[in-house]
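Report on the following structure.
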Amino acid sequence: NRCGFVDRRNRSTQSEFKCLCCGHTINADVNAAQNIKCRRSTLRYKKNELKNVLLKEHSKKCPSGKHFSIMVI
């Protein structure tokens, strides 16, 4: 939720979330709840469009700036 980086590998276990971009660590369920709260306005997008929208948002907040060009489908 902190930097917006979207990747399945961020959630290594059912209860642990660690962002591969910024290193933010939090309980996975708490992170999911925060994401749902923040993404209510993105519900109008289809699933295949949503990842691109989220990655564009991440590119604005990314501390490293290295993920956006690699990840966009």
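A note on labels: chains of the structure tokens are A, B, ... as shown, every chain counts residues from 1, and ligands are counted from 1 in their shown order.
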Please list as JSON, numbers by chain every residue within 8 Å of stretch 3-18 of chain A, counting only C-alpha atoms and excluding residues in the same chain fewer than 3 positions away.
{"A": [21, 22, 23, 24, 25, 26, 27, 28, 29, 31, 51, 54, 55, 57, 58, 61, 62, 63]}
Can I get the selection written as a PDB file, in the first residue's frame, with N, CA and C atoms?
```
ATOM      1  N   CYS A  21       9.793  -3.567  -3.800  1.00  0.00           N
ATOM      2  CA  CYS A  21      10.303  -2.283  -4.264  1.00  0.00           C
ATOM      3  C   CYS A  21      10.850  -1.444  -3.110  1.00  0.00           C
ATOM      4  N   CYS A  22      10.010  -1.170  -2.114  1.00  0.00           N
ATOM      5  CA  CYS A  22      10.423  -0.249  -1.046  1.00  0.00           C
ATOM      6  C   CYS A  22      10.780  -0.957   0.259  1.00  0.00           C
ATOM      7  N   GLY A  23      10.500  -2.277   0.358  1.00  0.00           N
ATOM      8  CA  GLY A  23      10.845  -3.030   1.554  1.00  0.00           C
ATOM      9  C   GLY A  23       9.849  -2.913   2.690  1.00  0.00           C
ATOM     10  N   HIS A  24       8.745  -2.192   2.482  1.00  0.00           N
ATOM     11  CA  HIS A  24       7.723  -2.031   3.520  1.00  0.00           C
ATOM     12  C   HIS A  24       7.183  -3.398   3.932  1.00  0.00           C
ATOM     13  N   THR A  25       7.133  -3.667   5.241  1.00  0.00           N
ATOM     14  CA  THR A  25       6.636  -4.937   5.769  1.00  0.00           C
ATOM     15  C   THR A  25       5.429  -4.652   6.648  1.00  0.00           C
ATOM     16  N   ILE A  26       4.380  -5.480   6.478  1.00  0.00           N
ATOM     17  CA  ILE A  26       3.138  -5.300   7.225  1.00  0.00           C
ATOM     18  C   ILE A  26       2.372  -6.616   7.169  1.00  0.00           C
ATOM     19  N   ASN A  27       1.425  -6.788   8.067  1.00  0.00           N
ATOM     20  CA  ASN A  27       0.543  -7.942   8.005  1.00  0.00           C
ATOM     21  C   ASN A  27      -0.204  -7.885   6.676  1.00  0.00           C
ATOM     22  N   ALA A  28      -0.258  -8.993   5.976  1.00  0.00           N
ATOM     23  CA  ALA A  28      -0.843  -9.024   4.635  1.00  0.00           C
ATOM     24  C   ALA A  28      -2.323  -8.643   4.637  1.00  0.00           C
ATOM     25  N   ASP A  29      -3.068  -9.046   5.652  1.00  0.00           N
ATOM     26  CA  ASP A  29      -4.491  -8.709   5.703  1.00  0.00           C
ATOM     27  C   ASP A  29      -4.702  -7.212   5.940  1.00  0.00           C
ATOM     28  N   ASN A  31      -2.577  -4.875   5.023  1.00  0.00           N
ATOM     29  CA  ASN A  31      -2.206  -4.250   3.752  1.00  0.00           C
ATOM     30  C   ASN A  31      -3.334  -4.358   2.730  1.00  0.00           C
ATOM     31  N   LYS A  51      -4.133  -3.534 -13.585  1.00  0.00           N
ATOM     32  CA  LYS A  51      -2.708  -3.643 -13.272  1.00  0.00           C
ATOM     33  C   LYS A  51      -1.931  -2.492 -13.900  1.00  0.00           C
ATOM     34  N   LEU A  54      -2.594   0.660 -11.873  1.00  0.00           N
ATOM     35  CA  LEU A  54      -1.881   0.642 -10.597  1.00  0.00           C
ATOM     36  C   LEU A  54      -0.383   0.842 -10.783  1.00  0.00           C
ATOM     37  N   LEU A  55       0.185   0.267 -11.829  1.00  0.00           N
ATOM     38  CA  LEU A  55       1.614   0.443 -12.076  1.00  0.00           C
ATOM     39  C   LEU A  55       1.950   1.872 -12.497  1.00  0.00           C
ATOM     40  N   GLU A  57       0.352   4.481 -11.349  1.00  0.00           N
ATOM     41  CA  GLU A  57       0.317   5.184 -10.069  1.00  0.00           C
ATOM     42  C   GLU A  57       1.607   4.924  -9.290  1.00  0.00           C
ATOM     43  N   HIS A  58       2.068   3.677  -9.332  1.00  0.00           N
ATOM     44  CA  HIS A  58       3.309   3.322  -8.639  1.00  0.00           C
ATOM     45  C   HIS A  58       4.483   4.112  -9.191  1.00  0.00           C
ATOM     46  N   LYS A  61       5.189   7.207  -7.397  1.00  0.00           N
ATOM     47  CA  LYS A  61       5.617   7.128  -6.003  1.00  0.00           C
ATOM     48  C   LYS A  61       6.843   6.252  -5.793  1.00  0.00           C
ATOM     49  N   CYS A  62       7.302   5.575  -6.815  1.00  0.00           N
ATOM     50  CA  CYS A  62       8.356   4.569  -6.679  1.00  0.00           C
ATOM     51  C   CYS A  62       9.664   5.179  -6.183  1.00  0.00           C
ATOM     52  N   PRO A  63      10.186   4.661  -5.070  1.00  0.00           N
ATOM     53  CA  PRO A  63      11.445   5.198  -4.559  1.00  0.00           C
ATOM     54  C   PRO A  63      12.644   4.872  -5.450  1.00  0.00           C
TER      55      PRO A  63
END
```
Neighbour list for A:Arg39 as an MDAnalysis selection string, cut-off 12 Å, only C-alpha atoms, skip fewer than 2 positions in-chain:
chainID A and resid 1 4 32:37 41:45 50:51 53:54 57
